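Raw contents of target-v8.cif, mmCIF, C-alpha atoms (C1' of nucleotides):
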```
data_work
loop_
_atom_site.label_atom_id
_atom_site.label_comp_id
_atom_site.auth_asym_id
_atom_site.auth_seq_id
_atom_site.Cartn_x
_atom_site.Cartn_y
_atom_site.Cartn_z
CA MET Q 181 79.05 136.33 69.83
CA LEU Q 182 79.09 132.72 70.80
CA VAL Q 183 77.86 130.04 68.46
CA THR Q 184 76.95 126.88 70.30
CA LYS Q 185 78.07 123.69 68.68
CA PRO Q 186 75.71 120.73 68.52
CA LYS Q 187 76.18 118.19 71.24
CA ILE Q 188 76.81 114.48 71.40
CA VAL Q 189 77.43 112.08 74.25
CA ALA Q 190 79.79 109.13 74.46
CA LEU Q 191 79.57 106.32 76.98
CA VAL Q 192 82.76 104.32 77.42
CA GLY Q 193 84.05 101.57 79.67
CA PRO Q 194 85.49 98.09 79.66
CA THR Q 195 83.58 95.01 78.61
CA GLY Q 196 81.00 93.94 81.17
CA SER Q 197 80.79 97.35 82.79
CA GLY Q 198 77.13 97.74 81.88
CA LYS Q 199 77.39 100.13 78.96
CA THR Q 200 74.65 98.50 76.96
CA GLU Q 201 72.20 98.43 79.81
CA TRP Q 202 72.80 102.11 80.53
CA ALA Q 203 72.55 102.97 76.85
CA LYS Q 204 69.15 101.34 76.65
CA LYS Q 205 67.84 103.47 79.50
CA LEU Q 206 69.46 106.64 78.23
CA ALA Q 207 67.92 106.13 74.81
CA GLN Q 208 64.47 106.08 76.39
CA LYS Q 209 65.11 108.88 78.83
CA PHE Q 210 66.48 111.35 76.28
CA GLY Q 211 64.99 110.01 73.08
CA ALA Q 212 68.60 109.49 72.07
CA LYS Q 213 70.05 107.47 69.21
CA ILE Q 214 72.55 104.83 70.22
CA ILE Q 215 75.56 104.28 67.97
CA SER Q 216 77.64 101.29 68.94
CA ALA Q 217 81.43 101.64 68.86
CA ASP Q 218 82.35 98.00 69.14
CA SER Q 219 84.69 96.37 66.66
CA ARG Q 220 83.10 92.94 67.14
CA GLN Q 221 79.39 93.58 67.33
CA ILE Q 222 79.58 94.89 63.78
CA TYR Q 223 79.65 91.27 62.62
CA LYS Q 224 76.52 89.43 61.72
CA GLU Q 225 76.13 85.87 62.98
CA MET Q 226 78.41 86.52 65.93
CA ASP Q 227 75.77 87.23 68.53
CA ILE Q 228 76.26 85.23 71.68
CA GLY Q 229 80.01 85.63 71.86
CA THR Q 230 80.06 89.38 71.32
CA GLY Q 231 77.33 89.94 73.89
CA LYS Q 232 74.89 91.68 71.60
CA ASP Q 233 71.67 93.06 73.01
CA LYS Q 234 69.11 93.20 70.23
CA SER Q 235 66.23 94.22 72.49
CA PHE Q 236 66.56 97.86 71.46
CA LYS Q 237 67.70 99.89 68.50
CA GLN Q 238 71.43 100.40 68.09
CA ASP Q 239 73.31 101.51 65.03
CA LEU Q 240 76.47 99.87 63.69
CA ILE Q 241 75.62 96.45 65.03
CA ASP Q 242 75.16 93.54 62.63
CA ILE Q 243 76.33 95.52 59.65
CA VAL Q 244 78.80 93.20 57.90
CA ARG Q 245 79.39 89.51 57.39
CA PRO Q 246 82.39 87.98 59.15
CA THR Q 247 84.19 87.64 55.83
CA LYS Q 248 84.06 91.36 55.17
CA LYS Q 249 87.08 93.58 55.70
CA PHE Q 250 86.30 96.38 58.06
CA SER Q 251 88.58 98.94 59.61
CA VAL Q 252 88.59 102.08 61.68
CA TRP Q 253 88.28 104.03 58.45
CA ASP Q 254 84.92 102.37 57.70
CA PHE Q 255 83.79 102.90 61.23
CA GLN Q 256 84.70 106.54 61.28
CA ARG Q 257 82.87 107.20 58.03
CA LEU Q 258 79.70 105.39 59.10
CA ALA Q 259 79.63 106.85 62.59
CA ASN Q 260 80.16 110.40 61.37
CA GLY Q 261 77.40 109.95 58.84
CA LEU Q 262 74.96 108.82 61.49
CA ILE Q 263 75.95 111.54 63.93
CA ASN Q 264 75.39 114.23 61.35
CA ARG Q 265 72.07 112.78 60.38
CA TYR Q 266 70.85 112.61 63.96
CA LEU Q 267 72.07 116.11 64.74
CA ASN Q 268 70.13 117.43 61.76
CA MET Q 269 67.07 115.64 63.05
CA LYS Q 270 67.67 117.24 66.46
CA ASN Q 271 68.21 113.91 68.09
CA LEU Q 272 70.94 113.33 70.62
CA PRO Q 273 73.50 110.81 69.34
CA ILE Q 274 75.13 108.65 72.00
CA LEU Q 275 78.25 106.77 71.01
CA VAL Q 276 78.54 103.65 73.17
CA GLY Q 277 81.41 101.24 73.17
CA GLY Q 278 84.70 99.91 74.36
CA THR Q 279 86.89 100.00 71.26
CA GLY Q 280 89.29 102.81 72.07
CA LEU Q 281 90.61 103.31 68.56
CA TYR Q 282 87.14 103.54 67.03
CA LEU Q 283 85.85 105.90 69.70
CA TYR Q 284 88.82 108.23 69.50
CA ALA Q 285 88.88 108.24 65.71
CA VAL Q 286 85.41 109.77 65.83
CA LEU Q 287 85.57 111.87 69.00
CA TYR Q 288 88.96 113.39 68.20
CA GLY Q 289 88.63 113.42 64.44
CA TYR Q 290 91.65 111.33 63.45
CA VAL Q 291 92.65 112.19 59.92
CA ILE Q 292 92.48 108.94 57.96
CA PRO Q 293 92.72 109.37 54.17
CA ASN Q 294 90.65 107.14 51.99
CA LEU Q 295 92.26 103.88 51.03
CA LYS Q 296 91.42 103.22 47.43
CA GLU Q 297 93.55 100.26 46.69
CA GLU Q 298 94.81 97.49 48.81
CA SER Q 299 97.50 94.97 48.20
CA GLU Q 300 96.99 91.58 49.70
CA LYS Q 301 100.11 90.45 47.89
CA LEU Q 302 102.22 93.16 49.42
CA ARG Q 303 101.02 92.19 52.87
CA GLU Q 304 101.89 88.56 52.29
CA LYS Q 305 105.29 89.52 51.01
CA LEU Q 306 106.00 91.71 54.01
CA ALA Q 307 104.88 89.01 56.40
CA LYS Q 308 107.79 86.86 55.35
CA ILE Q 309 110.40 89.47 56.22
CA ASP Q 310 111.60 89.66 59.80
CA SER Q 311 110.65 92.54 62.04
CA ARG Q 312 114.08 94.11 62.26
CA LYS Q 313 114.31 94.48 58.49
CA LEU Q 314 110.77 95.78 58.24
CA TYR Q 315 111.61 98.36 60.84
CA ASP Q 316 114.72 99.53 59.00
CA GLN Q 317 112.76 99.80 55.80
CA LEU Q 318 109.98 101.74 57.47
CA LYS Q 319 112.49 104.15 58.92
CA LYS Q 320 113.64 104.93 55.41
CA VAL Q 321 110.25 105.42 53.82
CA ASP Q 322 108.38 106.89 56.77
CA SER Q 323 110.49 107.76 59.78
CA ARG Q 324 107.53 109.42 61.43
CA ALA Q 325 105.53 106.21 61.48
CA ALA Q 326 108.58 104.20 62.53
CA ALA Q 327 109.11 106.42 65.55
CA ASN Q 328 105.69 105.48 66.78
CA ILE Q 329 105.91 101.71 66.53
CA ASP Q 330 107.82 99.19 68.62
CA PRO Q 331 110.36 97.48 66.30
CA ARG Q 332 109.13 94.13 67.59
CA ASN Q 333 105.49 94.73 66.75
CA LYS Q 334 105.42 93.07 63.37
CA ARG Q 335 101.76 93.52 62.66
CA ARG Q 336 101.87 97.26 63.06
CA LEU Q 337 105.12 97.52 61.10
CA ILE Q 338 103.53 95.69 58.18
CA ARG Q 339 100.49 97.92 58.27
CA ALA Q 340 102.58 101.08 58.34
CA LEU Q 341 104.76 99.86 55.49
CA GLU Q 342 101.80 98.90 53.35
CA ILE Q 343 100.36 102.34 53.75
CA SER Q 344 103.63 104.11 53.07
CA LEU Q 345 104.62 101.97 50.10
CA LEU Q 346 101.25 102.33 48.46
CA ASN Q 347 101.49 106.01 49.29
CA LEU Q 348 98.02 105.98 50.75
CA ARG Q 349 98.74 108.15 53.67
CA PRO Q 350 101.12 111.02 53.39
CA SER Q 351 103.38 110.85 56.36
CA GLU Q 352 102.29 114.29 57.48
CA SER Q 353 98.76 113.13 58.15
CA LEU Q 354 99.88 110.65 60.76
CA GLY Q 355 98.85 111.81 64.18
CA LYS Q 356 96.79 114.62 62.71
CA LYS Q 357 93.40 115.45 64.08
CA LYS Q 358 90.57 117.50 62.76
CA ARG Q 359 88.39 118.86 65.49
CA PRO Q 360 84.85 117.50 65.03
CA PRO Q 361 82.08 120.06 64.53
CA TYR Q 362 80.31 119.19 67.76
CA LYS Q 363 80.83 119.21 71.48
CA ALA Q 364 81.11 115.87 73.22
CA LEU Q 365 80.44 114.79 76.76
CA ILE Q 366 82.37 111.61 77.45
CA ILE Q 367 81.14 109.52 80.33
CA GLY Q 368 83.18 106.60 81.64
CA ILE Q 369 81.75 103.82 83.77
CA LYS Q 370 83.88 103.35 86.85
CA THR Q 371 84.22 99.72 87.91
CA ASP Q 372 85.90 97.67 90.57
CA ARG Q 373 88.32 95.20 89.00
CA GLN Q 374 87.49 92.24 91.21
CA THR Q 375 83.75 92.69 90.86
CA LEU Q 376 84.05 93.15 87.12
CA TYR Q 377 86.11 89.98 86.69
CA ALA Q 378 83.58 87.96 88.67
CA LYS Q 379 80.75 89.36 86.58
CA ILE Q 380 82.57 88.63 83.35
CA ASP Q 381 83.36 85.04 84.37
CA ALA Q 382 79.72 84.40 85.23
CA ARG Q 383 78.65 85.91 81.93
CA ILE Q 384 81.04 83.69 79.98
CA ASP Q 385 79.61 80.58 81.69
CA ARG Q 386 76.13 81.78 80.79
CA MET Q 387 77.12 82.38 77.17
CA ILE Q 388 78.45 78.83 76.91
CA LYS Q 389 75.16 77.52 78.30
CA ASN Q 390 73.29 79.63 75.79
CA GLY Q 391 74.89 77.89 72.85
CA TRP Q 392 78.09 79.76 72.12
CA VAL Q 393 79.86 76.59 71.05
CA GLU Q 394 77.08 75.82 68.57
CA GLU Q 395 77.25 79.33 67.19
CA ALA Q 396 80.98 78.98 66.64
CA ARG Q 397 80.57 75.55 65.07
CA ASN Q 398 78.07 76.92 62.55
CA LEU Q 399 80.43 79.74 61.63
CA LEU Q 400 83.32 77.34 61.23
CA GLU Q 401 81.26 75.26 58.83
CA LYS Q 402 80.57 78.30 56.66
CA TYR Q 403 83.81 80.26 56.80
CA ARG Q 404 87.57 79.89 57.01
CA ALA Q 405 88.95 79.78 60.51
CA ASP Q 406 91.62 82.40 59.85
CA LEU Q 407 89.29 85.32 59.24
CA PRO Q 408 90.10 88.44 61.28
CA ALA Q 409 86.59 88.22 62.73
CA PHE Q 410 87.54 84.97 64.38
CA SER Q 411 90.45 86.52 66.22
CA THR Q 412 87.73 87.65 68.59
CA ILE Q 413 88.20 86.54 72.19
CA GLY Q 414 86.12 83.46 72.79
CA TYR Q 415 85.67 82.43 69.18
CA LYS Q 416 89.35 81.68 68.73
CA GLU Q 417 89.46 79.57 71.90
CA ILE Q 418 86.27 77.71 71.01
CA ILE Q 419 87.67 77.04 67.53
CA ASP Q 420 90.74 75.51 69.19
CA TYR Q 421 88.37 73.29 71.13
CA LEU Q 422 86.34 72.36 68.06
CA LYS Q 423 89.54 71.42 66.25
CA GLY Q 424 90.49 69.18 69.14
CA ARG Q 425 93.51 71.17 70.23
CA ILE Q 426 92.24 71.86 73.76
CA THR Q 427 89.39 70.72 75.98
CA LEU Q 428 86.27 72.79 76.48
CA LYS Q 429 87.27 73.37 80.07
CA GLU Q 430 90.64 74.74 78.99
CA ALA Q 431 88.95 76.91 76.38
CA ILE Q 432 86.63 78.45 78.94
CA LYS Q 433 89.50 79.12 81.29
CA LYS Q 434 91.43 80.84 78.51
CA ILE Q 435 88.43 82.90 77.46
CA LYS Q 436 88.14 84.23 80.98
CA ALA Q 437 91.83 85.01 81.30
CA ASN Q 438 91.97 86.67 77.88
CA THR Q 439 88.90 88.75 78.65
CA HIS Q 440 90.56 89.94 81.86
CA ASP Q 441 93.61 90.97 79.85
CA TYR Q 442 91.36 92.77 77.43
CA VAL Q 443 89.68 94.71 80.21
CA ARG Q 444 93.10 95.95 81.29
CA ARG Q 445 93.98 97.01 77.76
CA GLN Q 446 90.71 98.89 77.48
CA GLU Q 447 91.30 100.66 80.75
CA THR Q 448 94.73 101.71 79.53
CA TRP Q 449 93.00 103.58 76.72
CA PHE Q 450 90.59 105.42 78.97
CA ARG Q 451 92.39 105.83 82.28
CA LYS Q 452 94.52 108.81 81.45
CA ASN Q 453 92.00 110.61 79.31
CA LYS Q 454 91.24 113.86 81.10
CA ASP Q 455 88.10 114.43 79.02
CA ILE Q 456 86.30 111.47 80.54
CA LYS Q 457 83.87 112.08 83.39
CA TRP Q 458 83.90 108.97 85.52
CA VAL Q 459 80.72 107.83 87.23
CA GLU Q 460 79.72 104.81 89.24
CA LYS Q 461 75.95 104.90 89.06
CA TYR Q 462 73.54 105.27 86.17
CA GLU Q 463 71.74 108.19 87.84
CA GLU Q 464 74.97 110.18 87.84
CA ALA Q 465 75.23 109.70 84.10
CA GLU Q 466 71.71 111.00 83.60
CA LYS Q 467 72.47 114.02 85.70
CA LEU Q 468 75.65 114.79 83.78
CA ILE Q 469 73.81 114.61 80.48
CA LYS Q 470 70.99 116.87 81.66
CA LYS Q 471 73.50 119.44 82.80
CA PHE Q 472 75.44 119.12 79.55
CA LEU Q 473 72.34 119.59 77.43
CA ASN Q 474 71.31 122.68 79.36
CA SER Q 475 74.73 124.30 79.31
"C1'" G W 72 97.99 56.18 119.27
"C1'" C W 73 101.47 54.17 115.49
"C1'" C W 74 103.72 54.39 110.40
"C1'" G W 75 104.64 57.18 106.08
"C1'" G W 76 104.35 61.75 102.96
"C1'" G W 77 103.87 67.03 102.86
"C1'" U W 78 104.44 72.44 104.61
"C1'" U W 79 108.55 77.47 99.54
"C1'" A W 80 104.82 83.67 95.67
"C1'" G W 81 97.50 84.71 95.55
"C1'" C W 82 97.08 79.12 93.54
"C1'" U W 83 99.73 74.45 91.86
"C1'" C W 84 104.43 73.07 92.66
"C1'" A W 85 110.14 72.69 91.34
"C1'" G W 86 114.83 73.45 93.73
"C1'" U W 87 119.61 74.36 96.38
"C1'" G W 88 124.74 73.96 102.49
"C1'" G W 89 126.46 80.18 99.64
"C1'" C W 90 122.26 86.99 96.64
"C1'" A W 91 115.25 82.10 96.30
"C1'" G W 92 112.55 79.66 90.96
"C1'" A W 93 108.57 78.01 87.09
"C1'" G W 94 103.58 77.67 85.29
"C1'" C W 95 98.94 79.81 86.13
"C1'" A W 96 96.67 84.02 88.28
"C1'" G W 97 97.70 89.26 88.95
"C1'" U W 98 99.67 94.35 87.45
"C1'" G W 99 101.50 98.72 84.48
"C1'" G W 100 102.23 100.61 79.54
"C1'" A W 101 102.05 101.51 73.91
"C1'" C W 102 98.43 102.34 70.11
"C1'" U W 103 95.80 106.76 63.41
"C1'" G W 104 93.60 101.55 58.32
"C1'" A W 105 93.27 93.45 61.42
"C1'" A W 106 92.26 97.05 67.57
"C1'" A W 107 88.16 91.73 71.59
"C1'" A W 108 94.04 92.61 67.11
"C1'" U W 109 99.26 93.32 67.90
"C1'" C W 110 103.44 94.57 70.96
"C1'" C W 111 106.44 95.85 75.53
"C1'" A W 112 107.47 95.66 80.79
"C1'" C W 113 106.79 93.84 86.09
"C1'" G W 114 108.45 88.13 90.85
"C1'" U W 115 111.38 90.01 98.67
"C1'" G W 116 108.42 85.68 99.72
"C1'" U W 117 108.80 85.24 108.09
"C1'" C W 118 111.18 78.95 101.99
"C1'" C W 119 105.67 76.45 109.07
"C1'" G W 120 108.12 77.61 114.22
"C1'" C W 121 112.07 77.01 117.78
"C1'" A W 122 116.77 75.07 118.95
"C1'" G W 123 121.29 72.63 117.28
"C1'" U W 124 125.50 71.47 113.72
"C1'" U W 125 128.16 74.91 110.43
"C1'" C W 126 132.11 80.51 108.47
"C1'" G W 127 127.10 80.24 106.48
"C1'" A W 128 120.69 76.54 107.15
"C1'" U W 129 115.08 77.42 103.09
"C1'" U W 130 118.37 72.92 102.41
"C1'" C W 131 121.37 68.69 107.47
"C1'" U W 132 119.77 67.03 112.80
"C1'" G W 133 116.30 67.26 116.99
"C1'" C W 134 111.75 68.92 119.09
"C1'" G W 135 107.05 71.18 118.21
"C1'" A W 136 102.83 72.81 115.04
"C1'" U W 137 99.76 71.63 111.06
"C1'" C W 138 97.72 69.08 106.70
"C1'" C W 139 97.06 64.42 103.83
"C1'" G W 140 97.09 59.16 103.41
"C1'" G W 141 97.39 54.12 105.76
"C1'" C W 142 96.94 51.04 110.11
"C1'" A W 143 94.57 50.85 114.77
#
```
Hey, can you dump this file as structure tokens for me?
Amino acid sequence: MLVTKPKIVALVGPTGSGKTEWAKKLAQKFGAKIISADSRQIYKEMDIGTGKDKSFKQDLIDIVRPTKKFSVWDFQRLANGLINRYLNMKNLPILVGGTGLYLYAVLYGYVIPNLKEESEKLREKLAKIDSRKLYDQLKKVDSRAAANIDPRNKRRLIRALEISLLNLRPSESLGKKKRPPYKALIIGIKTDRQTLYAKIDARIDRMIKNGWVEEARNLLEKYRADLPAFSTIGYKEIIDYLKGRITLKEAIKKIKANTHDYVRRQETWFRKNKDIKWVEKYEEAEKLIKKFLNS
RNA sequence: GCCGGGUUAGCUCAGUGGCAGAGCAGUGGACUGAAAAUCCACGUGUCCGCAGUUCGAUUCUGCGAUCCGGCA
């Protein structure tokens, strides 16, 4: 006796690959609900620079102010809530995005215990210690986490230590997964590097013309420049320009280069994933989904 | 036509009579609470060509090619 699990679809790919455009069409075609998995489009007031498309309904876009702390834990909780709701309503949820960690946390059910307390002070204290010492300390309190982090990667060492010291995540949960109660079809958009870079560069020029600098200036007037939200590619370079550290031309050049680097990092997430069905054309994606829904 | 300057990595250029360098661009990888973040790794290319000097030439000399200035 076979019980069929409910089904969801995920559409993944690097920035500029056309995910949003495809999602819009798929939503119409299948009456599907689009859930964005993008760690930057969650922020309100950051529209131009994050490439938001507000011409159709997407969940998990524009949900927090740039000052708000938001992590994969929040994302996982919200996304799972929406997926369950849509499945109950017999709608097809489609998760669309390029943030590997967020996507995988949901699709593979990463076990992430609830963080009830947080210590800003502890983080500040740890930031003053050098990486080597942090690493040695982490080895003592959580050797499992230490084994998984490069001793030179200070940011991740700090994070792991915070969690261990505050005893928020029992070491055993690290790396644990809980199989989600649905079946997922993961579609990846195949792209040609050169073509993608050219498209991205043109898009960045267009975004600048559309007032990106103004958008960043307004944000800078309202909020502190060192918010995590402003570590977003583009905003950080434009802020450097607005503070007179570099010229606009240099900023644009850096934005392009950094976006290219980002594309490569994204592809590193997806490339080796055997679950992803890679397609070049939108029609192929439609076909795959039809087949999946009828299986 | 004459006079000068150049020709070295995809681009801009540094450099040396003894295994060829930098910046930028490019590439691969890691990833469970900041993730568009953070971190790691990757440089053989007729040093324009031919000949000469030399133990040895990308480097010095000659000739040629080519580009850029200036003068005609």
Could you tell me, as a PDB file with C-alpha atoms, keeping the file's coordinate frame, exactly which residues end up selected when the PyMOL selection byres ((chain Q and resi 270) around 12) is applied to this structure?
```pdb
ATOM      1  CA  PRO Q 186      75.710 120.730  68.520  1.00  0.00           C
ATOM      2  CA  LYS Q 187      76.180 118.190  71.240  1.00  0.00           C
ATOM      3  CA  ILE Q 188      76.810 114.480  71.400  1.00  0.00           C
ATOM      4  CA  PHE Q 210      66.480 111.350  76.280  1.00  0.00           C
ATOM      5  CA  GLY Q 211      64.990 110.010  73.080  1.00  0.00           C
ATOM      6  CA  ALA Q 212      68.600 109.490  72.070  1.00  0.00           C
ATOM      7  CA  LYS Q 213      70.050 107.470  69.210  1.00  0.00           C
ATOM      8  CA  ILE Q 263      75.950 111.540  63.930  1.00  0.00           C
ATOM      9  CA  ASN Q 264      75.390 114.230  61.350  1.00  0.00           C
ATOM     10  CA  ARG Q 265      72.070 112.780  60.380  1.00  0.00           C
ATOM     11  CA  TYR Q 266      70.850 112.610  63.960  1.00  0.00           C
ATOM     12  CA  LEU Q 267      72.070 116.110  64.740  1.00  0.00           C
ATOM     13  CA  ASN Q 268      70.130 117.430  61.760  1.00  0.00           C
ATOM     14  CA  MET Q 269      67.070 115.640  63.050  1.00  0.00           C
ATOM     15  CA  ASN Q 271      68.210 113.910  68.090  1.00  0.00           C
ATOM     16  CA  LEU Q 272      70.940 113.330  70.620  1.00  0.00           C
ATOM     17  CA  PRO Q 273      73.500 110.810  69.340  1.00  0.00           C
TER      18      PRO Q 273
END
```
Could you list the residues in chain Q lying within 6 Å of chain W, using all atoms listed in the file, and format the result as a ChimeraX atom specification? /Q:251,253,333,335,355,408,412-413
Writer output for current selection, C-alpha atoms, as a PDB file, keeping the file's coordinate frame:
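After the write, selection.pdb holds the following:
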```
ATOM      1  CA  SER Q 251      88.580  98.940  59.610  1.00  0.00           C
ATOM      2  CA  TRP Q 253      88.280 104.030  58.450  1.00  0.00           C
ATOM      3  CA  ASN Q 333     105.490  94.730  66.750  1.00  0.00           C
ATOM      4  CA  ARG Q 335     101.760  93.520  62.660  1.00  0.00           C
ATOM      5  CA  GLY Q 355      98.850 111.810  64.180  1.00  0.00           C
ATOM      6  CA  PRO Q 408      90.100  88.440  61.280  1.00  0.00           C
ATOM      7  CA  THR Q 412      87.730  87.650  68.590  1.00  0.00           C
ATOM      8  CA  ILE Q 413      88.200  86.540  72.190  1.00  0.00           C
TER       9      ILE Q 413
END
```
Segment 90-94 of chain W surroundings by all atoms listed in the file, 10 Å radius, close-in-sequence under 4 positions cut, as a PyMOL selection string: chain W and resi 79-80+83-86+114-116+118+129
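The gap separating atom CA of Gly261 of chain Q from atom CA of Ser299 of chain Q is 27.2 Å, in Å to one decimal.
Candidate residues W:G89, W:C113, W:C95, W:A143 were compared for distance to U130 of chain W, and the nearest is W:G89, using only C-alpha atoms (C1' of nucleotides).
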Set the distance at 10 Å and use only C-alpha atoms (C1' of nucleotides): which residues neighbour Lys357 of chain Q once local chain neighbours fewer than 4 positions away are removed? I'd like the list as a PyMOL selection string. (chain Q and resi 285-292+353) or (chain W and resi 103)
Could you name the residues that touch Ile367 of chain Q at 8 Å or less, counting only C-alpha atoms (C1' of nucleotides), but leaving out those on the same chain fewer than 6 positions away, as a ChimeraX atom specification? /Q:189-192,456-459,465
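Taken over the shown file, the PyMOL selection byres ((chain W and resi 75) around 8) identifies C74, G76 and G141 of chain W.
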Find the distance between atom CA of Ser216 of chain Q and atom CA of Asp254 of chain Q and write it in Å to one decimal. 13.4 Å
